[in-house]
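Here's input-v6.txt, which has compact mmCIF, C-alpha atoms and all ligand atoms:
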```
# COMPACT_ATOMS: atom_id res chain seq x y z
CA MET A 72 160.14 39.99 56.13
CA LEU A 73 159.75 42.76 58.72
CA LYS A 74 159.66 46.20 57.12
CA PRO A 75 162.26 48.60 58.52
CA SER A 76 159.43 50.76 59.91
CA ILE A 77 157.98 47.80 61.83
CA LEU A 78 161.40 46.91 63.17
CA SER A 79 162.05 50.45 64.28
CA SER A 80 158.72 50.69 66.11
CA LEU A 81 159.58 47.41 67.87
CA HIS A 82 162.88 48.93 68.92
CA SER A 83 161.28 52.10 70.18
CA ALA A 84 158.38 50.40 71.93
CA LEU A 85 160.93 48.32 73.76
CA SER A 86 163.33 51.01 74.66
CA ARG A 87 162.50 54.48 73.49
CA SER A 88 165.30 56.41 75.05
CA SER A 89 167.91 53.65 74.98
CA SER A 90 167.62 53.29 71.23
CA HIS A 91 167.90 57.06 70.90
CA LEU A 92 170.96 56.87 73.11
CA ALA A 93 172.45 54.18 70.92
CA ARG A 94 171.70 56.03 67.70
CA ARG A 95 173.01 59.33 69.02
CA SER A 96 176.32 58.01 70.16
CA TYR A 97 177.57 54.49 70.28
CA SER A 98 180.53 55.34 72.48
CA SER A 99 181.60 52.90 75.17
CA GLU A 100 180.62 55.54 77.75
CA SER A 101 176.93 55.70 76.80
CA CYS A 102 176.74 52.08 75.68
CA PRO A 103 179.11 50.02 77.80
CA GLU A 104 179.49 46.27 77.36
CA ARG A 105 176.56 44.56 79.07
CA LYS A 106 175.96 40.83 79.35
CA VAL A 107 172.38 39.63 79.84
CA ALA A 108 171.66 35.99 80.67
CA ILE A 109 168.24 34.40 80.26
CA LEU A 110 167.65 31.23 82.30
CA GLY A 111 164.82 29.22 80.77
CA ALA A 112 165.56 30.72 77.36
CA ALA A 113 164.01 27.90 75.31
CA GLY A 114 160.57 28.22 76.92
CA GLY A 115 157.37 30.01 76.03
CA ILE A 116 158.58 33.26 77.56
CA GLY A 117 162.28 32.56 77.06
CA GLN A 118 162.18 32.47 73.25
CA PRO A 119 160.38 35.76 72.54
CA LEU A 120 162.31 37.35 75.41
CA SER A 121 165.55 36.22 73.76
CA LEU A 122 164.36 37.88 70.54
CA LEU A 123 163.47 41.14 72.29
CA MET A 124 166.76 41.27 74.20
CA LYS A 125 168.59 40.63 70.91
CA LEU A 126 166.88 43.78 69.59
CA ASN A 127 168.04 45.83 72.58
CA PRO A 128 171.05 47.98 71.64
CA LEU A 129 172.15 48.18 75.29
CA VAL A 130 173.06 44.47 75.26
CA SER A 131 176.50 43.45 73.99
CA SER A 132 176.39 39.79 75.01
CA LEU A 133 173.30 37.60 75.23
CA SER A 134 173.62 34.31 77.06
CA LEU A 135 170.79 31.82 76.59
CA TYR A 136 170.56 28.99 79.10
CA ASP A 137 168.06 26.15 79.49
CA ILE A 138 168.13 22.47 80.37
CA ALA A 139 167.38 21.73 76.68
CA GLY A 140 166.81 23.46 73.37
CA THR A 141 169.11 26.46 73.68
CA PRO A 142 171.53 25.65 70.82
CA GLY A 143 168.65 26.06 68.36
CA VAL A 144 167.25 29.22 69.93
CA ALA A 145 170.73 30.75 70.12
CA ALA A 146 171.59 29.86 66.50
CA ASP A 147 168.29 31.35 65.39
CA VAL A 148 168.45 34.73 67.17
CA SER A 149 172.20 35.04 66.54
CA HIS A 150 171.48 35.69 62.85
CA ILE A 151 169.69 38.95 63.69
CA ASN A 152 171.93 41.86 62.70
CA THR A 153 172.00 43.75 65.98
CA ARG A 154 174.81 44.56 68.41
CA SER A 155 174.92 41.57 70.76
CA GLU A 156 176.90 38.35 70.43
CA VAL A 157 174.70 35.36 71.29
CA ALA A 158 175.73 32.10 72.99
CA GLY A 159 173.56 29.14 73.94
CA TYR A 160 174.25 26.94 76.97
CA GLN A 161 172.47 23.68 77.68
CA GLY A 162 172.40 21.59 80.85
CA GLU A 163 173.63 22.23 84.36
CA GLU A 164 177.29 21.61 83.50
CA GLU A 165 177.16 24.74 81.27
CA LEU A 166 175.30 26.96 83.74
CA GLY A 167 178.45 28.52 85.23
CA LYS A 168 179.72 29.58 81.81
CA ALA A 169 176.30 30.96 80.93
CA LEU A 170 176.31 33.13 84.05
CA GLU A 171 179.90 34.35 84.27
CA GLY A 172 180.26 38.08 83.71
CA SER A 173 176.51 38.77 83.58
CA ASP A 174 175.20 42.20 84.46
CA VAL A 175 171.53 41.25 84.36
CA ILE A 176 170.01 37.79 84.73
CA ILE A 177 166.41 37.17 83.73
CA ILE A 178 164.77 34.00 85.09
CA PRO A 179 161.67 32.67 83.31
CA ALA A 180 162.61 29.02 84.12
CA GLY A 181 159.89 26.79 85.50
CA VAL A 182 156.44 25.41 84.84
CA PRO A 183 153.45 27.59 83.93
CA ARG A 184 149.84 27.27 85.17
CA LYS A 185 147.02 25.27 83.63
CA PRO A 186 143.35 26.25 84.03
CA GLY A 187 142.14 25.78 87.61
CA MET A 188 145.59 26.23 89.14
CA THR A 189 146.82 29.11 91.29
CA ARG A 190 150.36 30.42 90.98
CA ASP A 191 151.06 28.89 94.37
CA ASP A 192 150.30 25.45 92.89
CA LEU A 193 153.56 25.88 90.93
CA PHE A 194 155.58 26.25 94.13
CA ASN A 195 156.58 22.59 94.53
CA ILE A 196 158.35 22.46 91.16
CA ASN A 197 159.50 26.03 90.65
CA ALA A 198 160.88 26.64 94.16
CA GLY A 199 163.52 23.94 93.59
CA ILE A 200 164.40 25.25 90.12
CA VAL A 201 164.84 28.80 91.42
CA LYS A 202 166.90 27.60 94.39
CA THR A 203 169.30 25.72 92.09
CA LEU A 204 169.66 28.62 89.67
CA CYS A 205 170.20 31.17 92.46
CA THR A 206 172.84 28.97 94.09
CA ALA A 207 174.73 29.09 90.80
CA ILE A 208 174.22 32.85 90.48
CA ALA A 209 175.73 33.34 93.95
CA LYS A 210 178.75 31.35 92.82
CA TYR A 211 179.33 32.63 89.29
CA CYS A 212 177.99 36.19 89.14
CA PRO A 213 177.13 37.45 92.63
CA ASN A 214 177.02 41.09 91.51
CA ALA A 215 174.44 40.70 88.76
CA LEU A 216 170.94 42.17 88.92
CA VAL A 217 168.43 39.31 89.09
CA ASN A 218 165.01 39.72 87.42
CA MET A 219 162.75 36.93 88.73
CA ILE A 220 159.84 35.98 86.47
CA SER A 221 159.26 32.37 87.66
CA ASN A 222 156.07 31.94 89.66
CA PRO A 223 154.95 32.22 92.34
CA VAL A 224 156.95 35.48 92.35
CA ASN A 225 155.64 36.26 95.87
CA SER A 226 157.64 33.22 97.07
CA THR A 227 160.44 32.82 94.51
CA VAL A 228 161.90 36.26 95.31
CA PRO A 229 162.16 35.46 99.06
CA ILE A 230 163.71 32.08 98.12
CA ALA A 231 166.35 33.85 96.02
CA ALA A 232 167.06 36.30 98.85
CA GLU A 233 167.59 33.46 101.34
CA VAL A 234 169.88 31.57 98.95
CA PHE A 235 171.99 34.70 98.44
CA LYS A 236 172.06 35.42 102.20
CA LYS A 237 173.33 31.92 102.91
CA ALA A 238 176.03 32.34 100.26
CA GLY A 239 176.96 35.74 101.73
CA THR A 240 176.21 37.53 98.46
CA TYR A 241 172.79 39.08 99.13
CA ASP A 242 172.40 42.68 98.04
CA GLU A 243 168.77 43.79 98.37
CA LYS A 244 169.30 46.38 95.65
CA LYS A 245 169.95 43.65 93.10
CA LEU A 246 166.97 41.34 93.44
CA PHE A 247 163.71 42.10 91.61
CA GLY A 248 160.43 40.27 91.20
CA VAL A 249 159.18 41.19 87.74
CA THR A 250 155.66 42.64 88.11
CA THR A 251 155.83 44.70 84.91
CA LEU A 252 153.14 42.60 83.24
CA ASP A 253 150.65 43.81 85.86
CA VAL A 254 151.58 47.40 84.96
CA VAL A 255 151.36 46.65 81.23
CA ARG A 256 147.87 45.17 81.73
CA ALA A 257 146.69 47.99 83.99
CA LYS A 258 147.80 50.54 81.38
CA THR A 259 146.08 48.69 78.54
CA PHE A 260 142.80 48.14 80.39
CA TYR A 261 142.73 51.72 81.76
CA ALA A 262 143.39 53.24 78.33
CA GLY A 263 140.49 51.22 76.89
CA LYS A 264 138.06 52.26 79.61
CA ALA A 265 139.19 55.89 79.94
CA LYS A 266 139.46 56.31 76.16
CA VAL A 267 142.91 57.89 76.40
CA PRO A 268 145.95 57.09 74.21
CA VAL A 269 147.57 53.99 75.72
CA ALA A 270 151.08 55.29 75.08
CA ASP A 271 150.43 58.21 77.45
CA VAL A 272 149.09 56.09 80.33
CA ASN A 273 150.85 55.54 83.64
CA VAL A 274 149.44 53.38 86.44
CA PRO A 275 151.45 52.17 89.43
CA VAL A 276 150.72 48.59 90.50
CA VAL A 277 151.81 47.64 94.02
CA GLY A 278 151.69 44.65 96.40
CA GLY A 279 152.66 41.32 94.88
CA HIS A 280 152.04 39.19 91.80
CA ALA A 281 149.07 36.89 92.47
CA GLY A 282 145.32 37.55 92.59
CA VAL A 283 144.32 40.10 95.22
CA THR A 284 147.98 40.82 96.06
CA ILE A 285 148.11 42.69 92.72
CA LEU A 286 146.89 46.19 93.61
CA PRO A 287 146.68 48.67 90.73
CA LEU A 288 146.46 52.27 91.95
CA PHE A 289 144.00 53.70 89.42
CA SER A 290 143.48 56.76 91.65
CA GLN A 291 147.02 57.75 90.57
CA ALA A 292 146.53 56.86 86.90
CA THR A 293 147.38 59.48 84.32
CA PRO A 294 145.97 60.97 82.13
CA LYS A 295 143.15 61.54 84.63
CA ALA A 296 139.70 60.27 83.69
CA ASN A 297 136.35 60.48 85.39
CA LEU A 298 135.69 56.79 86.01
CA GLY A 299 132.99 55.64 88.42
CA ASP A 300 133.56 53.32 91.40
CA ASP A 301 132.15 50.32 89.54
CA GLU A 302 134.44 50.95 86.59
CA ILE A 303 137.48 51.18 88.89
CA LYS A 304 136.44 47.95 90.63
CA ALA A 305 136.04 46.18 87.29
CA LEU A 306 139.44 47.46 86.08
CA THR A 307 141.07 46.33 89.33
CA LYS A 308 139.54 42.87 89.10
CA ARG A 309 140.53 42.50 85.45
CA THR A 310 144.13 43.47 86.25
CA GLN A 311 144.23 41.03 89.18
CA ASP A 312 142.79 38.25 87.00
CA GLY A 313 144.78 39.11 83.86
CA GLY A 314 147.02 36.05 84.17
CA THR A 315 144.04 33.76 84.66
CA GLU A 316 142.30 35.31 81.64
CA VAL A 317 145.25 34.20 79.48
CA VAL A 318 145.59 30.78 81.16
CA GLU A 319 141.92 30.06 80.44
CA ALA A 320 142.11 31.34 76.86
CA LYS A 321 145.14 29.12 76.23
CA ALA A 322 143.11 26.20 77.61
CA GLY A 323 145.92 24.03 78.99
CA LYS A 324 148.70 25.31 76.68
CA GLY A 325 150.36 27.51 79.32
CA SER A 326 150.11 31.07 80.53
CA ALA A 327 151.09 34.50 79.22
CA THR A 328 154.29 34.26 77.18
CA LEU A 329 154.28 37.02 74.54
CA SER A 330 153.00 39.84 76.76
CA MET A 331 155.32 38.55 79.49
CA ALA A 332 158.31 38.56 77.16
CA TYR A 333 157.46 42.18 76.30
CA ALA A 334 157.10 43.09 79.99
CA GLY A 335 160.32 41.23 80.90
CA ALA A 336 162.18 43.02 78.14
CA LEU A 337 160.87 46.40 79.32
CA PHE A 338 162.00 45.74 82.88
CA ALA A 339 165.43 44.42 81.85
CA ASP A 340 165.85 47.48 79.63
CA ALA A 341 165.07 49.71 82.63
CA CYS A 342 167.68 47.84 84.70
CA LEU A 343 170.28 48.30 81.95
CA LYS A 344 169.49 52.00 81.66
CA GLY A 345 169.87 52.35 85.43
CA LEU A 346 173.22 50.53 85.35
CA ASN A 347 174.34 52.82 82.53
CA GLY A 348 173.55 55.91 84.60
CA VAL A 349 170.43 57.08 82.76
CA PRO A 350 168.62 59.32 85.28
CA ASP A 351 165.03 58.95 86.52
CA VAL A 352 164.40 55.35 85.55
CA VAL A 353 161.43 54.31 87.68
CA GLU A 354 159.52 51.02 87.38
CA CYS A 355 157.32 49.01 89.73
CA SER A 356 158.93 45.84 91.08
CA PHE A 357 158.60 43.36 93.95
CA VAL A 358 161.66 44.09 96.09
CA GLN A 359 162.90 44.10 99.67
CA SER A 360 160.92 46.94 101.15
CA SER A 361 159.98 48.88 104.24
CA VAL A 362 156.94 50.45 102.58
CA THR A 363 154.66 48.10 104.59
CA GLU A 364 155.34 45.76 107.50
CA LEU A 365 156.17 42.97 105.00
CA PRO A 366 159.82 42.33 104.07
CA PHE A 367 159.02 42.29 100.33
CA PHE A 368 156.51 44.43 98.49
CA ALA A 369 156.03 45.77 94.97
CA SER A 370 156.06 49.51 94.51
CA LYS A 371 157.81 52.07 92.34
CA VAL A 372 161.57 51.66 92.41
CA ARG A 373 164.24 54.08 91.18
CA LEU A 374 166.83 52.11 89.19
CA GLY A 375 170.44 53.20 89.10
CA LYS A 376 174.06 52.11 88.87
CA ASN A 377 173.67 49.78 91.86
CA GLY A 378 170.21 48.44 91.04
CA ALA A 379 167.29 49.59 93.22
CA GLU A 380 168.66 52.92 94.43
CA GLU A 381 165.39 53.94 96.06
CA VAL A 382 162.14 52.17 96.90
CA LEU A 383 159.39 54.76 96.62
CA GLY A 384 156.33 54.95 98.85
CA LEU A 385 152.75 54.32 97.81
CA GLY A 386 151.53 57.93 97.56
CA PRO A 387 147.95 58.84 98.41
CA LEU A 388 145.49 55.93 98.19
CA SER A 389 141.72 56.00 97.69
CA ASP A 390 139.55 54.31 100.34
CA TYR A 391 139.04 51.40 97.94
CA GLU A 392 142.82 51.01 97.51
CA LYS A 393 143.40 51.28 101.29
CA GLN A 394 140.94 48.42 101.73
CA GLY A 395 142.69 46.43 98.98
CA LEU A 396 146.03 46.99 100.69
CA GLU A 397 144.73 45.75 104.05
CA SER A 398 143.22 42.65 102.53
CA LEU A 399 146.28 41.65 100.47
CA LEU A 400 148.75 41.68 103.37
CA PRO A 401 147.88 38.28 104.96
CA GLU A 402 148.13 36.36 101.65
CA LEU A 403 151.34 38.10 100.65
CA LYS A 404 152.84 37.52 104.11
CA ALA A 405 152.05 33.78 103.92
CA SER A 406 153.61 33.46 100.44
CA ILE A 407 156.77 35.27 101.53
CA GLU A 408 157.08 33.10 104.65
CA LYS A 409 156.54 29.93 102.60
CA GLY A 410 159.47 30.90 100.37
CA ILE A 411 161.75 31.72 103.29
CA LYS A 412 160.89 28.46 105.03
CA PHE A 413 161.54 26.40 101.89
CA ALA A 414 164.92 28.02 101.29
CA ASN A 415 166.03 27.31 104.85
CA GLN A 416 164.97 23.67 104.92
N1 LIG B 1 156.12 37.20 86.58
C1 LIG B 1 155.17 37.14 85.69
O1 LIG B 1 154.45 38.12 85.48
C2 LIG B 1 154.95 35.90 84.87
C3 LIG B 1 154.18 35.96 83.69
C4 LIG B 1 154.03 34.81 82.95
C5 LIG B 1 154.62 33.61 83.35
N2 LIG B 1 155.37 33.59 84.49
C6 LIG B 1 156.02 32.37 84.94
O2 LIG B 1 157.18 32.13 84.14
C7 LIG B 1 157.51 30.74 84.18
C8 LIG B 1 157.82 30.22 82.79
O3 LIG B 1 156.68 30.26 81.97
P1 LIG B 1 156.73 29.73 80.46
O4 LIG B 1 155.38 29.94 79.89
O5 LIG B 1 157.91 30.29 79.76
O6 LIG B 1 156.96 28.17 80.71
P2 LIG B 1 157.59 27.09 79.68
O7 LIG B 1 157.30 25.75 80.25
O8 LIG B 1 157.14 27.38 78.31
O9 LIG B 1 159.15 27.40 79.73
C9 LIG B 1 159.89 27.20 80.89
C10 LIG B 1 161.30 26.86 80.50
O10 LIG B 1 162.03 26.67 81.69
C11 LIG B 1 162.96 25.63 81.44
N3 LIG B 1 163.47 25.06 82.67
C12 LIG B 1 162.91 24.15 83.50
N4 LIG B 1 163.76 23.86 84.50
C13 LIG B 1 164.86 24.60 84.31
C14 LIG B 1 166.09 24.75 84.99
N5 LIG B 1 166.36 24.04 86.10
N6 LIG B 1 167.01 25.59 84.49
C15 LIG B 1 166.74 26.29 83.37
N7 LIG B 1 165.60 26.20 82.68
C16 LIG B 1 164.68 25.36 83.14
C17 LIG B 1 162.18 24.62 80.59
O11 LIG B 1 163.06 23.74 79.93
C18 LIG B 1 161.42 25.55 79.68
O12 LIG B 1 162.13 25.80 78.48
C19 LIG B 1 156.32 30.07 84.86
O13 LIG B 1 156.65 29.81 86.21
C20 LIG B 1 155.21 31.09 84.76
O14 LIG B 1 154.26 30.95 85.79
C21 LIG B 1 155.53 34.71 85.25
O1 LIG B 2 149.04 33.88 85.44
C1 LIG B 2 150.05 33.19 85.37
O2 LIG B 2 150.13 32.06 85.84
C2 LIG B 2 151.27 33.74 84.66
C3 LIG B 2 151.62 35.12 85.07
O3 LIG B 2 151.84 35.23 86.44
C4 LIG B 2 150.66 36.16 84.58
O4 LIG B 2 150.32 37.07 85.34
O5 LIG B 2 150.28 36.10 83.40
```

Write the structure described by the file as C-alpha cells, please.
Amino acid sequence: MLKPSILSSLHSALSRSSSHLARRSYSSESCPERKVAILGAAGGIGQPLSLLMKLNPLVSSLSLYDIAGTPGVAADVSHINTRSEVAGYQGEEELGKALEGSDVIIIPAGVPRKPGMTRDDLFNINAGIVKTLCTAIAKYCPNALVNMISNPVNSTVPIAAEVFKKAGTYDEKKLFGVTTLDVVRAKTFYAGKAKVPVADVNVPVVGGHAGVTILPLFSQATPKANLGDDEIKALTKRTQDGGTEVVEAKAGKGSATLSMAYAGALFADACLKGLNGVPDVVECSFVQSSVTELPFFASKVRLGKNGAEEVLGLGPLSDYEKQGLESLLPELKASIEKGIKFANQ
C-alpha cells in the first residue's frame, strides 16, 4: 500500500500549486467542476494517465474512452478515494457520451512505434484515428481544450485543426500538441549534466515533436551552468532521441508510456489551472503560431481561461540553436502539410 507521504509527493509532483489550492479552499470558485476525457484510456499511456488524472484535485469528472478495455480501467481507478467521479465508455457508439460536457480532452489513442520506425511511420494508422475522434469532438464538445498526444504530433495537430475548421468549430487557442515529455527529458538530462537539483530546472523546448524538430534551448536553461559546446550538443541529441532511446529499450513492446503519462498529466493540469484563472501558467506546446513562418510551432504558451492566451516568442538563441532552428523548418513544414492534405482528402 502507498504510504500517505508517497501519495502526497505524487500529488505535489503532479500539481504543486493546484493541490495547495484544493487544500486551502475547496470552494466552487477555486475548484469548479471540470470534466476531463481521455481517449485511448486503456492503452499504455492511457492507463497511468487515468491514474494520474484521478489523483488531480482539479478534476471532478473523469471520462475514460477506448475501443476496448475501459470498463475495467474505469472500475479500477474509480475505487481511489479522490474527488472525481469516473465513468468508462467503450466503442464508438459511446464516444458522444464520453465527450459531452468535457473541459479538457486528452488523446493518447493510436499505435506506438517499434524499433526502426519513425513517428511518421505511424501516420497511416493514427491519422485516421485522430480524424474520427476530432470529428466527434467537434460535434459533442466543440469548446473543450484538446491535448493531442497521438503521434506524429507534427501532423496530428494540423489534422485536428482542419477537422475543426471544416466543422466550423476551430479555435486556435484550444488545440495543443503535447510536447511536455521533451521538456521533462530536457530538464532531467540537463540536471544530470549540470549537477543542479532537477526540481529547480527550467528548459524551454521549441519546434515540433520528432527528431531534429525537437529543439531544446539549453542557452536559456536555469539554473545556469558552465557547459561546453560538446556537452550542449550531446544534451540536445539525447533530448531529440529520447523517444527512440525508450523504444529501443522496450525492444518491440512500445514507446514511452509512464514518463508520457506523467508529462500528459502535467500539461493537462496546466490547462485546468489556466481555465480556473490561475495566473502565470506557462508551458511549452505545439500550437498555431506566428513565431516562425510555419503555421504550427512549439514554444512557450501562456494558458488561461480561454486556453492559449498568448504564444510567447523564442527569446535569444545561441548560434547552435539558430542553426538547429533553420534545419528543423523543412521537416516540420512537410509534416504539417502532410497532415493538412490528409484531412482535406
Ligand atoms: N506526444 C508524445 O510525447 C508521445 C509520447 C509517447 C507516445 N506517444 C504516442 O501516443 C500514442 C499511444 O501510445 P501508447 O503507448 O499508449 O499505445 P497503446 O497501443 O498502448 O495504446 C493506444 C490505445 O489507443 C486505443 N485506440 C486505438 N484506436 C482508437 C480509437 N479509434 N479510439 C480510441 N482509442 C483507440 C487502443 O485501443 C489502445 O488502448 C502513440 O501514437 C504514441 O506514438 C506520444
Ligand atoms: O518516441 C516515440 O515514438 C514516442 C514519443 O513520441 C516519445 O517521444 O517518447

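Of note, CA of Arg190 (chain A) and CA of Gln118 (chain A) are spaced 21.4 Å apart.
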
Around region 112-127 of chain A, with edges along x, y and z and 4 Å added on all six sides, what centre and edge lengths do you get, in Å to one decimal, as AutoDock Vina command-line options?
```
--center_x 163.0 --center_y 36.9 --center_z 73.6 --size_x 19.2 --size_y 25.9 --size_z 16.0
```

Query - Residues within 7 Å of ligand LIG 1 (chain B), counting all atoms listed in the file, as a ChimeraX atom specification - result: /A:110-117,136-139,179-184,190,193,197,200,203-204,219-224,249-253,280,325-328,331

Query raised in the report: In Å, with one decimal, what is the gap from CA of Val255 (chain A) to CA of Leu383 (chain A)?
Result: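 Between these atoms lies a distance of 19.2 Å.
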
Report task. Could you tell me how far CA of Asp340 (chain A) lies from CA of Asn377 (chain A), in Å and to one decimal? Result ->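 Between these atoms lies a distance of 14.7 Å.
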
Query - Spatial neighbours of Leu298 (chain A), 12 Å, all atoms listed in the file, chain gap at least 5 places, as a list in words - result: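 My list of contacting residues is Tyr261, Ala262, Gly263, Lys264, Ala265, Lys266, Phe289, Ser290, Ala292, Ile303, Lys304, Ala305 and Leu306 of chain A.
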
Please, could you write that set of residues out with C-alpha atoms as a JSON list (two decimals), in the frame of the given file?
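Wrote it out as out_8.json, contents follow:
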```json
[["chain", "number", "residue", "atom", "x", "y", "z"],
["A", 261, "TYR", "CA", 142.73, 51.72, 81.76],
["A", 262, "ALA", "CA", 143.39, 53.24, 78.33],
["A", 263, "GLY", "CA", 140.49, 51.22, 76.89],
["A", 264, "LYS", "CA", 138.06, 52.26, 79.61],
["A", 265, "ALA", "CA", 139.19, 55.89, 79.94],
["A", 266, "LYS", "CA", 139.46, 56.31, 76.16],
["A", 289, "PHE", "CA", 144.00, 53.70, 89.42],
["A", 290, "SER", "CA", 143.48, 56.76, 91.65],
["A", 292, "ALA", "CA", 146.53, 56.86, 86.90],
["A", 303, "ILE", "CA", 137.48, 51.18, 88.89],
["A", 304, "LYS", "CA", 136.44, 47.95, 90.63],
["A", 305, "ALA", "CA", 136.04, 46.18, 87.29],
["A", 306, "LEU", "CA", 139.44, 47.46, 86.08]]
```

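Proximity of A:Pro268, A:Gly279, A:Gly172, A:Gly314 to ligand LIG 2 (chain B), computed with only C-alpha atoms and all ligand atoms, is greatest for A:Gly314.
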
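The list of residues with at least one atom within 10 Å of Ile176 (chain A), based on all atoms listed in the file and without residues fewer than 6 positions apart in the same chain, reads A:Lys106, A:Val107, A:Ala108, A:Ile109, A:Leu110, A:Ser134, A:Leu170, A:Ile208, A:Cys212, A:Ala215, A:Leu216, A:Val217, A:Asn218, A:Met219, A:Leu246, A:Ala339.
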